[in-house]
file my_file-v4.txt (compact mmCIF, C-alpha atoms)
# COMPACT_ATOMS: atom_id res chain seq x y z
CA MET K 1 27.53 -52.94 1.64
CA PRO K 2 29.92 -49.92 1.44
CA ASP K 3 29.15 -47.14 3.92
CA ASP K 4 28.53 -44.59 1.16
CA ARG K 5 25.54 -46.63 -0.06
CA GLN K 6 23.84 -46.91 3.31
CA LYS K 7 21.52 -43.97 2.77
CA ASP K 8 18.76 -45.05 5.13
CA ILE K 9 20.67 -45.95 8.29
CA PRO K 10 19.99 -43.75 11.35
CA ARG K 11 22.50 -40.97 11.90
CA ALA K 12 23.07 -38.44 14.65
CA LEU K 13 21.03 -35.73 12.90
CA SER K 14 18.49 -37.87 11.06
CA GLY K 15 15.14 -36.09 11.10
CA VAL K 16 16.64 -32.60 11.50
CA ARG K 17 15.66 -30.28 8.65
CA VAL K 18 17.78 -27.25 7.79
CA LEU K 19 16.85 -24.40 5.48
CA ALA K 20 20.09 -22.98 4.08
CA LEU K 21 20.04 -19.36 2.90
CA GLU K 22 23.70 -19.51 2.05
CA VAL K 23 26.36 -18.47 -0.42
CA SER K 24 30.08 -18.94 -0.96
CA VAL K 25 32.04 -20.83 1.75
CA ALA K 26 31.20 -20.16 5.41
CA GLY K 27 27.49 -21.01 5.42
CA PRO K 28 27.78 -23.94 3.01
CA HIS K 29 30.65 -25.45 5.02
CA SER K 30 28.54 -25.39 8.18
CA THR K 31 25.54 -27.05 6.56
CA ARG K 32 27.80 -29.57 4.80
CA ILE K 33 28.91 -30.78 8.24
CA LEU K 34 25.29 -31.06 9.37
CA GLY K 35 24.35 -32.86 6.17
CA ASP K 36 27.21 -35.32 6.55
CA MET K 37 25.72 -36.31 9.90
CA GLY K 38 22.27 -36.98 8.49
CA ALA K 39 20.45 -33.64 8.55
CA GLU K 40 18.27 -32.81 5.55
CA ILE K 41 19.77 -29.65 4.04
CA ILE K 42 17.49 -27.66 1.73
CA LYS K 43 19.64 -25.11 -0.07
CA ILE K 44 17.87 -22.09 -1.56
CA GLU K 45 19.45 -21.08 -4.88
CA LYS K 46 18.75 -18.44 -7.45
CA PRO K 47 17.10 -19.91 -10.56
CA GLY K 48 19.43 -19.98 -13.56
CA THR K 49 22.69 -19.22 -11.72
CA GLY K 50 22.52 -20.74 -8.25
CA ASP K 51 25.04 -20.14 -5.49
CA LEU K 52 27.79 -17.85 -6.79
CA ILE K 53 30.38 -20.50 -5.98
CA ARG K 54 28.92 -22.66 -8.76
CA ASN K 55 30.65 -20.33 -11.21
CA TRP K 56 34.09 -20.01 -9.62
CA ASP K 57 35.65 -22.60 -11.93
CA SER K 58 34.74 -25.72 -13.92
CA VAL K 59 37.56 -28.10 -13.02
CA VAL K 60 35.41 -31.04 -11.84
CA ARG K 61 34.38 -32.15 -15.32
CA GLY K 62 32.47 -28.88 -15.73
CA LEU K 63 31.42 -28.44 -12.11
CA SER K 64 32.93 -25.92 -9.70
CA SER K 65 35.52 -27.36 -7.31
CA GLY K 66 34.17 -25.15 -4.54
CA TYR K 67 30.59 -26.29 -5.07
CA VAL K 68 31.59 -29.95 -5.10
CA TRP K 69 33.63 -29.44 -1.92
CA LEU K 70 30.87 -27.75 0.07
CA ASN K 71 27.50 -28.90 -1.22
CA GLY K 72 27.28 -32.65 -1.10
CA ASN K 73 24.41 -34.18 0.88
CA LYS K 74 22.11 -31.24 0.10
CA ARG K 75 18.89 -30.64 -1.82
CA SER K 76 18.83 -27.75 -4.28
CA PHE K 77 15.66 -25.65 -4.18
CA ALA K 78 15.85 -23.06 -6.98
CA ILE K 79 13.25 -20.36 -6.41
CA ASP K 80 13.06 -16.60 -6.85
CA VAL K 81 12.44 -15.19 -3.38
CA LYS K 82 12.20 -11.65 -4.80
CA LYS K 83 8.82 -12.62 -6.17
CA LYS K 84 5.93 -12.77 -3.71
CA ALA K 85 5.00 -16.34 -4.60
CA GLY K 86 8.60 -17.46 -4.16
CA LEU K 87 8.91 -15.77 -0.79
CA GLU K 88 5.66 -17.32 0.40
CA ALA K 89 6.93 -20.78 -0.57
CA VAL K 90 10.16 -20.34 1.35
CA GLN K 91 8.32 -18.96 4.38
CA ARG K 92 6.02 -21.97 4.29
CA LEU K 93 9.10 -24.18 4.18
CA ALA K 94 10.63 -22.32 7.14
CA ASP K 95 7.52 -23.19 9.15
CA ARG K 96 8.43 -26.86 8.75
CA VAL K 97 12.18 -26.90 9.46
CA ASP K 98 14.24 -27.08 12.65
CA VAL K 99 17.05 -24.74 11.63
CA VAL K 100 17.53 -21.77 9.33
CA LEU K 101 21.10 -20.74 8.57
CA GLU K 102 21.81 -17.56 6.64
CA ASN K 103 25.16 -16.00 5.83
CA PHE K 104 24.11 -12.85 4.03
CA ALA K 105 25.21 -9.37 5.08
CA PRO K 106 23.34 -8.15 8.18
CA GLY K 107 19.86 -6.89 7.31
CA VAL K 108 19.59 -8.65 3.93
CA ALA K 109 17.50 -11.57 5.20
CA ASP K 110 15.21 -9.13 7.03
CA ARG K 111 14.64 -7.12 3.85
CA MET K 112 13.87 -10.33 1.99
CA GLY K 113 11.16 -11.23 4.52
CA LEU K 114 13.26 -14.11 5.85
CA GLY K 115 14.78 -12.54 8.96
CA ALA K 116 14.96 -14.08 12.41
CA ALA K 117 12.13 -12.04 13.94
CA GLU K 118 9.61 -12.95 11.26
CA LEU K 119 10.48 -16.63 10.88
CA CYS K 120 10.83 -17.30 14.62
CA ALA K 121 7.45 -15.65 15.25
CA ARG K 122 5.91 -18.08 12.77
CA ASN K 123 7.85 -21.07 14.17
CA PRO K 124 8.75 -20.74 17.88
CA ARG K 125 10.80 -23.98 17.81
CA LEU K 126 13.00 -22.59 15.06
CA ILE K 127 16.73 -22.25 15.58
CA TYR K 128 17.88 -19.33 13.45
CA CYS K 129 21.63 -18.91 12.86
CA SER K 130 23.09 -15.78 11.26
CA LEU K 131 26.71 -16.00 10.15
CA SER K 132 28.17 -12.67 9.04
CA GLY K 133 31.43 -10.78 8.78
CA TYR K 134 31.31 -8.71 11.98
CA GLY K 135 28.04 -9.72 13.63
CA GLN K 136 24.54 -8.26 13.75
CA ASP K 137 25.50 -5.09 15.64
CA GLY K 138 28.49 -2.87 16.44
CA PRO K 139 30.26 -0.19 14.39
CA TYR K 140 31.56 -2.68 11.80
CA ARG K 141 28.18 -4.38 11.28
CA ASP K 142 27.82 -3.16 7.70
CA VAL K 143 31.46 -3.37 6.62
CA LYS K 144 31.89 -5.82 3.74
CA ALA K 145 33.72 -8.94 4.80
CA TYR K 146 35.81 -11.49 2.93
CA ASP K 147 38.13 -14.09 4.42
CA LEU K 148 41.23 -12.11 3.39
CA LEU K 149 39.92 -8.87 4.89
CA ILE K 150 39.05 -10.50 8.21
CA GLN K 151 42.47 -12.16 8.33
CA GLY K 152 43.86 -8.63 8.28
CA GLU K 153 41.39 -7.04 10.69
CA ALA K 154 41.67 -9.85 13.26
CA GLY K 155 45.47 -9.93 13.39
CA ILE K 156 46.06 -13.17 11.49
CA ILE K 157 48.10 -11.60 8.68
CA ALA K 158 50.23 -9.68 11.21
CA THR K 159 51.36 -12.98 12.73
CA THR K 160 51.90 -14.86 9.45
CA GLY K 161 54.74 -14.67 6.95
CA TYR K 162 58.34 -13.53 7.30
CA PRO K 163 59.81 -10.49 9.11
CA ASP K 164 60.09 -8.51 5.89
CA LYS K 165 56.75 -9.58 4.37
CA PRO K 166 53.38 -10.62 5.84
CA ALA K 167 51.26 -13.37 4.30
CA LYS K 168 47.72 -14.62 4.54
CA VAL K 169 46.89 -18.21 5.44
CA GLY K 170 46.47 -20.15 2.20
CA LEU K 171 43.10 -21.69 3.02
CA PRO K 172 39.98 -19.59 3.81
CA ILE K 173 40.65 -20.16 7.49
CA ILE K 174 38.21 -17.49 8.72
CA ASP K 175 35.34 -18.94 6.71
CA LEU K 176 36.18 -22.36 8.12
CA ALA K 177 36.59 -21.17 11.72
CA SER K 178 33.29 -19.29 11.73
CA SER K 179 31.48 -22.16 10.05
CA MET K 180 32.68 -24.52 12.76
CA TYR K 181 31.40 -22.16 15.47
CA ALA K 182 28.08 -21.89 13.61
CA THR K 183 27.81 -25.67 13.50
CA VAL K 184 28.60 -25.99 17.21
CA GLY K 185 26.07 -23.26 18.01
CA ILE K 186 23.34 -25.02 16.03
CA LEU K 187 24.04 -28.34 17.74
CA LEU K 188 24.00 -26.69 21.18
CA ALA K 189 20.71 -24.96 20.38
CA LEU K 190 19.18 -28.24 19.20
CA TYR K 191 20.28 -29.88 22.45
CA GLN K 192 18.86 -27.03 24.53
CA ARG K 193 15.58 -27.20 22.61
CA GLU K 194 15.22 -30.80 23.74
CA LYS K 195 14.99 -29.41 27.28
CA THR K 196 12.98 -26.23 26.69
CA GLY K 197 10.90 -26.95 23.60
CA ILE K 198 11.74 -23.57 22.07
CA GLY K 199 14.31 -22.36 19.58
CA GLN K 200 16.67 -19.41 19.71
CA VAL K 201 18.70 -17.02 17.57
CA ILE K 202 22.44 -17.54 17.03
CA ASP K 203 24.74 -14.68 15.98
CA ILE K 204 28.15 -15.84 14.70
CA SER K 205 30.72 -13.47 13.21
CA MET K 206 33.80 -14.27 11.16
CA PHE K 207 35.70 -11.53 13.01
CA GLU K 208 35.00 -12.86 16.50
CA SER K 209 35.78 -16.39 15.37
CA ALA K 210 39.21 -15.23 14.21
CA VAL K 211 39.88 -13.21 17.37
CA ALA K 212 38.98 -16.27 19.45
CA TRP K 213 41.70 -18.18 17.56
CA LEU K 214 44.49 -15.73 18.45
CA GLY K 215 45.47 -18.15 21.18
CA TYR K 216 48.41 -17.12 23.34
CA PHE K 217 49.13 -13.84 21.50
CA PRO K 218 46.75 -11.68 23.57
CA HIS K 219 48.30 -13.00 26.79
CA HIS K 220 51.78 -12.02 25.66
CA TYR K 221 50.44 -8.55 24.90
CA TRP K 222 48.48 -8.15 28.15
CA HIS K 223 51.31 -9.36 30.38
CA GLN K 224 54.43 -8.31 28.48
CA GLY K 225 53.26 -5.65 26.04
CA GLU K 226 54.49 -7.84 23.23
CA GLU K 227 53.27 -7.88 19.62
CA PRO K 228 54.04 -11.22 17.92
CA GLU K 229 56.77 -11.11 15.31
CA ARG K 230 56.41 -12.89 12.00
CA VAL K 231 58.61 -15.99 12.18
CA GLY K 232 58.04 -17.69 8.83
CA MET K 233 57.81 -21.46 9.21
CA ARG K 234 58.83 -21.39 12.86
CA HIS K 235 56.86 -21.32 16.12
CA HIS K 236 56.52 -17.98 17.86
CA TYR K 237 57.51 -19.25 21.28
CA VAL K 238 59.13 -22.68 20.86
CA THR K 239 62.41 -23.40 19.07
CA PRO K 240 63.63 -25.50 17.34
CA TYR K 241 60.25 -26.06 15.75
CA GLY K 242 59.36 -26.19 12.07
CA PRO K 243 60.70 -27.49 8.75
CA TYR K 244 64.45 -27.56 8.15
CA LEU K 245 66.02 -28.10 4.74
CA ALA K 246 68.16 -31.23 4.37
CA SER K 247 71.10 -31.68 2.02
CA ASP K 248 68.92 -33.29 -0.69
CA GLY K 249 66.54 -30.31 -0.86
CA VAL K 250 63.72 -31.90 1.16
CA TYR K 251 62.30 -30.31 4.30
CA VAL K 252 62.15 -32.21 7.57
CA ASN K 253 59.52 -31.05 10.05
CA LEU K 254 60.28 -31.34 13.74
CA ALA K 255 59.17 -30.04 17.13
CA VAL K 256 61.41 -29.85 20.21
CA ALA K 257 58.95 -28.67 22.83
CA THR K 258 60.25 -30.04 26.16
CA ALA K 259 63.48 -30.01 28.14
CA VAL K 260 63.80 -33.78 27.76
CA ASP K 261 63.31 -33.57 23.99
CA TRP K 262 65.92 -30.81 23.75
CA GLU K 263 68.48 -33.04 25.45
CA ILE K 264 67.68 -36.01 23.21
CA PHE K 265 67.76 -33.78 20.14
CA CYS K 266 71.20 -32.40 20.98
CA ARG K 267 72.78 -35.70 22.09
CA GLN K 268 71.25 -38.23 19.72
CA VAL K 269 69.88 -36.44 16.67
CA ILE K 270 72.31 -33.64 15.79
CA GLU K 271 75.15 -35.03 17.97
CA ARG K 272 75.92 -31.67 19.57
CA PRO K 273 75.84 -32.27 23.35
CA ASP K 274 77.92 -29.11 23.79
CA LEU K 275 74.79 -27.07 23.12
CA LEU K 276 73.28 -28.34 26.38
CA GLY K 277 75.85 -26.34 28.30
CA ASP K 278 75.38 -23.16 26.29
CA ALA K 279 73.58 -20.62 28.48
CA ARG K 280 71.89 -19.11 25.40
CA PHE K 281 69.98 -22.32 24.79
CA LYS K 282 69.51 -23.77 28.27
CA THR K 283 65.75 -23.13 28.61
CA SER K 284 62.86 -22.69 26.24
CA GLU K 285 62.72 -18.97 27.08
CA ALA K 286 66.46 -18.62 26.50
CA ARG K 287 66.27 -20.43 23.16
CA ARG K 288 63.47 -18.13 22.11
CA LYS K 289 65.45 -15.00 23.04
CA ASN K 290 68.41 -16.31 21.06
CA ARG K 291 66.35 -17.72 18.22
CA GLY K 292 68.48 -16.19 15.47
CA ALA K 293 71.72 -17.80 16.60
CA LEU K 294 70.10 -21.18 17.28
CA GLU K 295 68.15 -21.31 14.02
CA GLU K 296 71.24 -20.44 11.97
CA LEU K 297 73.17 -23.21 13.70
CA ILE K 298 70.52 -25.90 13.22
CA GLU K 299 69.87 -24.92 9.62
CA LYS K 300 73.58 -25.46 8.85
CA ILE K 301 73.60 -28.81 10.63
CA PHE K 302 70.56 -30.09 8.73
CA LEU K 303 72.18 -29.18 5.41
CA GLU K 304 74.90 -31.74 6.16
CA ARG K 305 72.72 -34.85 5.71
CA PRO K 306 69.82 -36.06 3.50
CA HIS K 307 66.27 -35.93 4.82
CA GLN K 308 65.83 -39.68 5.23
CA GLU K 309 68.75 -39.83 7.64
CA TRP K 310 67.29 -37.04 9.76
CA ILE K 311 63.88 -38.69 9.76
CA HIS K 312 65.49 -41.99 10.79
CA ARG K 313 67.26 -40.31 13.70
CA LEU K 314 64.15 -38.49 14.86
CA ARG K 315 62.06 -41.66 14.59
CA GLU K 316 64.61 -43.81 16.40
CA ASN K 317 64.71 -41.34 19.27
CA HIS K 318 60.91 -41.00 19.46
CA LEU K 319 60.87 -37.30 18.70
CA PRO K 320 58.02 -35.66 16.73
CA TYR K 321 58.77 -35.44 13.02
CA GLY K 322 57.13 -35.19 9.62
CA GLU K 323 57.61 -34.08 6.03
CA VAL K 324 56.31 -31.08 4.10
CA LYS K 325 54.08 -32.67 1.47
CA GLY K 326 52.34 -31.29 -1.59
CA VAL K 327 48.69 -31.96 -2.36
CA ALA K 328 49.46 -34.91 -4.65
CA GLU K 329 51.51 -36.54 -1.89
CA VAL K 330 48.78 -35.90 0.68
CA LEU K 331 46.11 -37.51 -1.49
CA ALA K 332 48.35 -40.58 -1.82
CA HIS K 333 49.35 -40.53 1.86
CA PRO K 334 49.26 -44.03 3.39
CA GLN K 335 47.12 -42.74 6.27
CA VAL K 336 44.64 -41.20 3.81
CA ILE K 337 44.43 -44.56 2.04
CA ALA K 338 44.16 -46.60 5.24
CA ARG K 339 41.39 -44.42 6.65
CA ARG K 340 39.51 -44.25 3.31
CA MET K 341 39.45 -40.48 3.31
CA ILE K 342 39.00 -40.27 -0.45
CA ARG K 343 35.54 -41.44 -1.43
CA GLU K 344 33.12 -40.84 -4.29
CA MET K 345 29.79 -39.05 -4.53
CA GLU K 346 27.13 -38.94 -7.18
CA SER K 347 26.92 -35.66 -9.10
CA PRO K 348 25.38 -34.27 -12.28
CA VAL K 349 28.52 -35.43 -14.12
CA GLY K 350 28.68 -38.89 -12.56
CA ARG K 351 30.63 -40.13 -9.55
CA VAL K 352 33.44 -37.78 -8.54
CA PRO K 353 36.13 -38.10 -5.86
CA VAL K 354 35.68 -36.10 -2.65
CA VAL K 355 37.45 -35.83 0.68
CA ALA K 356 35.22 -37.56 3.21
CA SER K 357 34.12 -36.09 6.52
CA PRO K 358 36.68 -36.48 9.33
CA LEU K 359 33.83 -37.09 11.81
CA ARG K 360 33.97 -40.71 12.92
CA LEU K 361 31.09 -41.68 15.20
CA SER K 362 30.69 -45.40 15.80
CA ASN K 363 26.91 -45.26 15.38
CA SER K 364 26.64 -42.40 12.89
CA PRO K 365 28.77 -42.89 9.79
CA PRO K 366 29.09 -39.77 7.60
CA ARG K 367 26.68 -39.72 4.68
CA LEU K 368 27.95 -39.73 1.10
CA ASP K 369 24.83 -39.16 -0.98
CA ARG K 370 25.09 -36.74 -3.92
CA ILE K 371 25.97 -33.26 -5.12
CA PRO K 372 22.78 -31.73 -6.51
CA ALA K 373 22.24 -30.14 -9.88
CA LEU K 374 20.79 -26.64 -9.70
CA GLY K 375 17.11 -26.89 -8.81
CA GLU K 376 17.14 -30.67 -8.87
CA ASP K 377 14.83 -30.96 -5.85
CA THR K 378 12.58 -27.94 -6.37
CA VAL K 379 9.43 -29.74 -7.52
CA ALA K 380 9.77 -32.50 -4.90
CA ILE K 381 10.19 -29.97 -2.06
CA LEU K 382 7.19 -27.93 -3.19
CA GLY K 383 5.11 -31.11 -3.19
CA GLU K 384 6.32 -31.95 0.33
CA ILE K 385 5.13 -28.61 1.69
CA GLY K 386 1.67 -28.94 0.16
CA TYR K 387 1.82 -27.46 -3.34
CA SER K 388 -0.38 -29.18 -5.92
CA ASP K 389 0.77 -30.01 -9.43
CA GLY K 390 -1.28 -27.11 -10.74
CA GLU K 391 0.24 -24.65 -8.29
CA ILE K 392 3.72 -25.85 -9.18
CA GLU K 393 2.99 -25.39 -12.85
CA THR K 394 1.82 -21.82 -12.13
CA LEU K 395 5.10 -21.10 -10.31
CA ARG K 396 7.00 -22.45 -13.31
CA ARG K 397 4.94 -20.43 -15.76
CA ASP K 398 5.52 -17.24 -13.74
CA HIS K 399 9.26 -17.94 -13.63
CA VAL K 400 9.28 -18.21 -9.86
CA ILE K 401 11.04 -21.58 -10.22
call {"tool": "encode", "arguments": {"input": "my_file-v4.txt", "output": "structure tokens"}}
result
Amino acid sequence: MPDDRQKDIPRALSGVRVLALEVSVAGPHSTRILGDMGAEIIKIEKPGTGDLIRNWDSVVRGLSSGYVWLNGNKRSFAIDVKKKAGLEAVQRLADRVDVVLENFAPGVADRMGLGAAELCARNPRLIYCSLSGYGQDGPYRDVKAYDLLIQGEAGIIATTGYPDKPAKVGLPIIDLASSMYATVGILLALYQREKTGIGQVIDISMFESAVAWLGYFPHHYWHQGEEPERVGMRHHYVTPYGPYLASDGVYVNLAVATAVDWEIFCRQVIERPDLLGDARFKTSEARRKNRGALEELIEKIFLERPHQEWIHRLRENHLPYGEVKGVAEVLAHPQVIARRMIREMESPVGRVPVVASPLRLSNSPPRLDRIPALGEDTVAILGEIGYSDGEIETLRRDHVI
């Protein structure tokens, strides 16, 4: 039986219940990872409209590409928490879950009656994760945060692009970075709860997640007073490194990161052993200081031959290489095909293709269940937390659900 039909096999997070008070990208990406590994994700959505990302586009046969990307393996619980009866239902649900994740602006969940203090007091084993722009305190606590804005505030844009023009990273990298930290934090808290029996509160910020990813840049500033320059498609500290245009208009990606590789590159790949004796290029530090001269030279050399010849030379000499592929090429990549990265999930419009989870645990295959319609699981969830048919009908009549 195909893996994506094995819905009942034990997984790493089977039995873990997560209440998701989430919108947009960061929160939903975190809970998508947990759901892939078997956790039951109950996503609270606004009746009638749902998560705002449902309305970003309609390219997946009427569904939003963002919603399909982030919300598989979840249950949609559409309920109006601004109404007392709706809030009471969600609080009752929070009493029965292991994890609450919210990615609203700081203070919003508290004002809703769904903040950490209130829910943890009701459920001492609860793990409560807040994921926000700048964290739950500090002078920027209430500053509005979007991926683009944090890329700027955290120094990502300053290091990206070309000398005459900065650029943002194309993907919502800050949303993704912070969601990964949130996921790790939740897993660590679950592990610690196994030892202590009690939950805890997790405070993850997009800003801190981005600052933590600045890597070697702070060290160059602390020890040399150096702000990173924008170097386009090159590496800040290693050269030659990056894509170089061949004579047929195709880029060849390469990385020459060691002294041995530099010698092989000069002798065997570009056939310029004379460069090994050039003092400007003798060490990695020297090549970096003379980046302009070296890059100009290598760019001219690569324009002399087609990309397949360069790839052949790099491959034959066991140097790192690759191509610069578009999305269509990536989706047809032989490694994508061999590893079955493109799978299908059930959705309100039938089975649709999705990129599968990259997590590969021998005893916990990623789940590929379904993408829920808005409110699809509301009645079932209410029944599971003790609501009678009559009570559910009252909630429906009062437009709570």
call {"tool": "closest_atom_pairs", "arguments": {"input": "my_file-v4.txt", "of": "range 170-215 of chain K", "to": "range 114-128 of chain K", "cutoff": "9 Å", "atoms": "all atoms listed in the file", "output": "Markdown table"}}
result
| residue | atom | partner | partner_atom | distance |
| --- | --- | --- | --- | --- |
| K:Ile186 | CA | K:Ile127 | CA | 7.2 |
| K:Ala189 | CA | K:Ile127 | CA | 6.8 |
| K:Leu190 | CA | K:Ile127 | CA | 7.4 |
| K:Arg193 | CA | K:Arg125 | CA | 7.5 |
| K:Gly197 | CA | K:Arg125 | CA | 6.5 |
| K:Ile198 | CA | K:Arg125 | CA | 4.4 |
| K:Gly199 | CA | K:Arg125 | CA | 4.3 |
| K:Gln200 | CA | K:Ile127 | CA | 5.0 |
| K:Val201 | CA | K:Tyr128 | CA | 4.8 |
| K:Ile202 | CA | K:Tyr128 | CA | 6.1 |
| K:Asp203 | CA | K:Tyr128 | CA | 8.7 |
call {"tool": "closest_residue", "arguments": {"input": "my_file-v4.txt", "among": "K:Val336, K:Ala286, K:Glu316, K:Leu87", "to": "Gln268 in chain K", "atoms": "only C-alpha atoms"}}
result
K:Glu316
call {"tool": "residues_near_point", "arguments": {"input": "my_file-v4.txt", "point": "(63.2, -30.1, 26.6)", "cutoff": "12 Å", "atoms": "only C-alpha atoms", "output": "ChimeraX atom specification"}}
result
/K:238-241,255-267,276,281-287,319
call {"tool": "atom_distance", "arguments": {"input": "my_file-v4.txt", "atom1": "CA of Glu309 in chain K", "atom2": "CA of Gly242 in chain K"}}
result
17.1 Å
call {"tool": "closest_residue", "arguments": {"input": "my_file-v4.txt", "among": "K:Leu19, K:Ala380, K:Val99, K:Ile204", "to": "Asp137 in chain K", "atoms": "all atoms listed in the file"}}
result
K:Ile204
call {"tool": "closest_residue", "arguments": {"input": "my_file-v4.txt", "among": "K:Ala338, K:Val252, K:Ala167, K:Leu245", "to": "His312 in chain K", "atoms": "all atoms listed in the file"}}
result
K:Val252
call {"tool": "closest_residue", "arguments": {"input": "my_file-v4.txt", "among": "K:Gly113, K:Pro106, K:Pro228, K:Gly155", "to": "Gly135 in chain K", "atoms": "all atoms listed in the file"}}
result
K:Pro106
call {"tool": "residues_near_point", "arguments": {"input": "my_file-v4.txt", "point": "(8.8, -14.9, -7.5)", "cutoff": "12 Å", "atoms": "all atoms listed in the file", "output": "PDB file with C-alpha atoms, in the frame of the given file"}}
result
ATOM      1  CA  LYS K  46      18.750 -18.440  -7.450  1.00  0.00           C
ATOM      2  CA  PRO K  47      17.100 -19.910 -10.560  1.00  0.00           C
ATOM      3  CA  ALA K  78      15.850 -23.060  -6.980  1.00  0.00           C
ATOM      4  CA  ILE K  79      13.250 -20.360  -6.410  1.00  0.00           C
ATOM      5  CA  ASP K  80      13.060 -16.600  -6.850  1.00  0.00           C
ATOM      6  CA  VAL K  81      12.440 -15.190  -3.380  1.00  0.00           C
ATOM      7  CA  LYS K  82      12.200 -11.650  -4.800  1.00  0.00           C
ATOM      8  CA  LYS K  83       8.820 -12.620  -6.170  1.00  0.00           C
ATOM      9  CA  LYS K  84       5.930 -12.770  -3.710  1.00  0.00           C
ATOM     10  CA  ALA K  85       5.000 -16.340  -4.600  1.00  0.00           C
ATOM     11  CA  GLY K  86       8.600 -17.460  -4.160  1.00  0.00           C
ATOM     12  CA  LEU K  87       8.910 -15.770  -0.790  1.00  0.00           C
ATOM     13  CA  GLU K  88       5.660 -17.320   0.400  1.00  0.00           C
ATOM     14  CA  ALA K  89       6.930 -20.780  -0.570  1.00  0.00           C
ATOM     15  CA  VAL K  90      10.160 -20.340   1.350  1.00  0.00           C
ATOM     16  CA  MET K 112      13.870 -10.330   1.990  1.00  0.00           C
ATOM     17  CA  THR K 394       1.820 -21.820 -12.130  1.00  0.00           C
ATOM     18  CA  LEU K 395       5.100 -21.100 -10.310  1.00  0.00           C
ATOM     19  CA  ARG K 396       7.000 -22.450 -13.310  1.00  0.00           C
ATOM     20  CA  ARG K 397       4.940 -20.430 -15.760  1.00  0.00           C
ATOM     21  CA  ASP K 398       5.520 -17.240 -13.740  1.00  0.00           C
ATOM     22  CA  HIS K 399       9.260 -17.940 -13.630  1.00  0.00           C
ATOM     23  CA  VAL K 400       9.280 -18.210  -9.860  1.00  0.00           C
ATOM     24  CA  ILE K 401      11.040 -21.580 -10.220  1.00  0.00           C
TER      25      ILE K 401
END
call {"tool": "residues_around", "arguments": {"input": "my_file-v4.txt", "residues": "Gly170 in chain K", "least_positions_apart": "4", "cutoff": "12 Å", "atoms": "only C-alpha atoms", "output": "ChimeraX atom specification"}}
result
/K:147-148,151,156-157,160-161,174
call {"tool": "atom_distance", "arguments": {"input": "my_file-v4.txt", "atom1": "CA of Ala105 in chain K", "atom2": "CA of Ser132 in chain K"}}
result
5.9 Å
call {"tool": "closest_residue", "arguments": {"input": "my_file-v4.txt", "among": "K:Thr31, K:Ala20, K:His307, K:Val60", "to": "Pro353 in chain K", "atoms": "only C-alpha atoms"}}
result
K:Val60
call {"tool": "closest_residue", "arguments": {"input": "my_file-v4.txt", "among": "K:Arg230, K:Arg288, K:Lys43, K:Arg313", "to": "Glu271 in chain K", "atoms": "all atoms listed in the file"}}
result
K:Arg313
call {"tool": "atom_distance", "arguments": {"input": "my_file-v4.txt", "atom1": "CA of Gly66 in chain K", "atom2": "CA of Gln335 in chain K"}}
result
24.4 Å
call {"tool": "residues_around", "arguments": {"input": "my_file-v4.txt", "residues": "Glu153 in chain K", "least_positions_apart": "6", "cutoff": "12 Å", "atoms": "all atoms listed in the file", "output": "list in words"}}
result
Gly133, Tyr134, Tyr140, Val143, Lys144, Ala145, Tyr146, Asp147, Thr159, Lys168, Ile174, Met206, Phe207, Glu208, Ser209, Ala210 and Val211 of chain K
call {"tool": "residues_around", "arguments": {"input": "my_file-v4.txt", "residues": "range 372-379 of chain K", "least_positions_apart": "5", "cutoff": "7 Å", "atoms": "all atoms listed in the file", "output": "list in words"}}
result
Gly50, Lys74, Arg75, Ser76, Phe77, Ala78, Ser347 and Pro348 of chain K
call {"tool": "residues_around", "arguments": {"input": "my_file-v4.txt", "residues": "range 33-42 of chain K", "least_positions_apart": "4", "cutoff": "7 Å", "atoms": "all atoms listed in the file", "output": "ChimeraX atom specification"}}
result
/K:11-20,29,73-77,357,364,366-367
call {"tool": "decode", "arguments": {"input": "my_file-v4.txt", "residues": "range 383-390 of chain K", "atoms": "N, CA and C atoms", "output": "JSON list (two decimals), in the first residue's frame"}}
result
[["chain", "number", "residue", "atom", "x", "y", "z"],
["K", 383, "GLY", "N", -18.34, 17.60, 18.96],
["K", 383, "GLY", "CA", -18.81, 16.34, 19.54],
["K", 383, "GLY", "C", -17.73, 15.68, 20.39],
["K", 384, "GLU", "N", -16.48, 15.77, 19.95],
["K", 384, "GLU", "CA", -15.37, 15.13, 20.67],
["K", 384, "GLU", "C", -15.10, 15.79, 22.02],
["K", 385, "ILE", "N", -15.45, 17.07, 22.15],
["K", 385, "ILE", "CA", -15.19, 17.75, 23.42],
["K", 385, "ILE", "C", -16.47, 17.86, 24.27],
["K", 386, "GLY", "N", -17.49, 17.07, 23.91],
["K", 386, "GLY", "CA", -18.63, 16.91, 24.79],
["K", 386, "GLY", "C", -19.89, 17.66, 24.44],
["K", 387, "TYR", "N", -19.94, 18.33, 23.29],
["K", 387, "TYR", "CA", -21.16, 19.05, 22.91],
["K", 387, "TYR", "C", -22.19, 18.07, 22.36],
["K", 388, "SER", "N", -23.44, 18.25, 22.78],
["K", 388, "SER", "CA", -24.53, 17.41, 22.28],
["K", 388, "SER", "C", -25.01, 17.95, 20.94],
["K", 389, "ASP", "N", -25.81, 17.15, 20.26],
["K", 389, "ASP", "CA", -26.36, 17.59, 18.98],
["K", 389, "ASP", "C", -27.18, 18.87, 19.16],
["K", 390, "GLY", "N", -27.93, 18.93, 20.25],
["K", 390, "GLY", "CA", -28.74, 20.12, 20.50],
["K", 390, "GLY", "C", -27.90, 21.35, 20.73]]
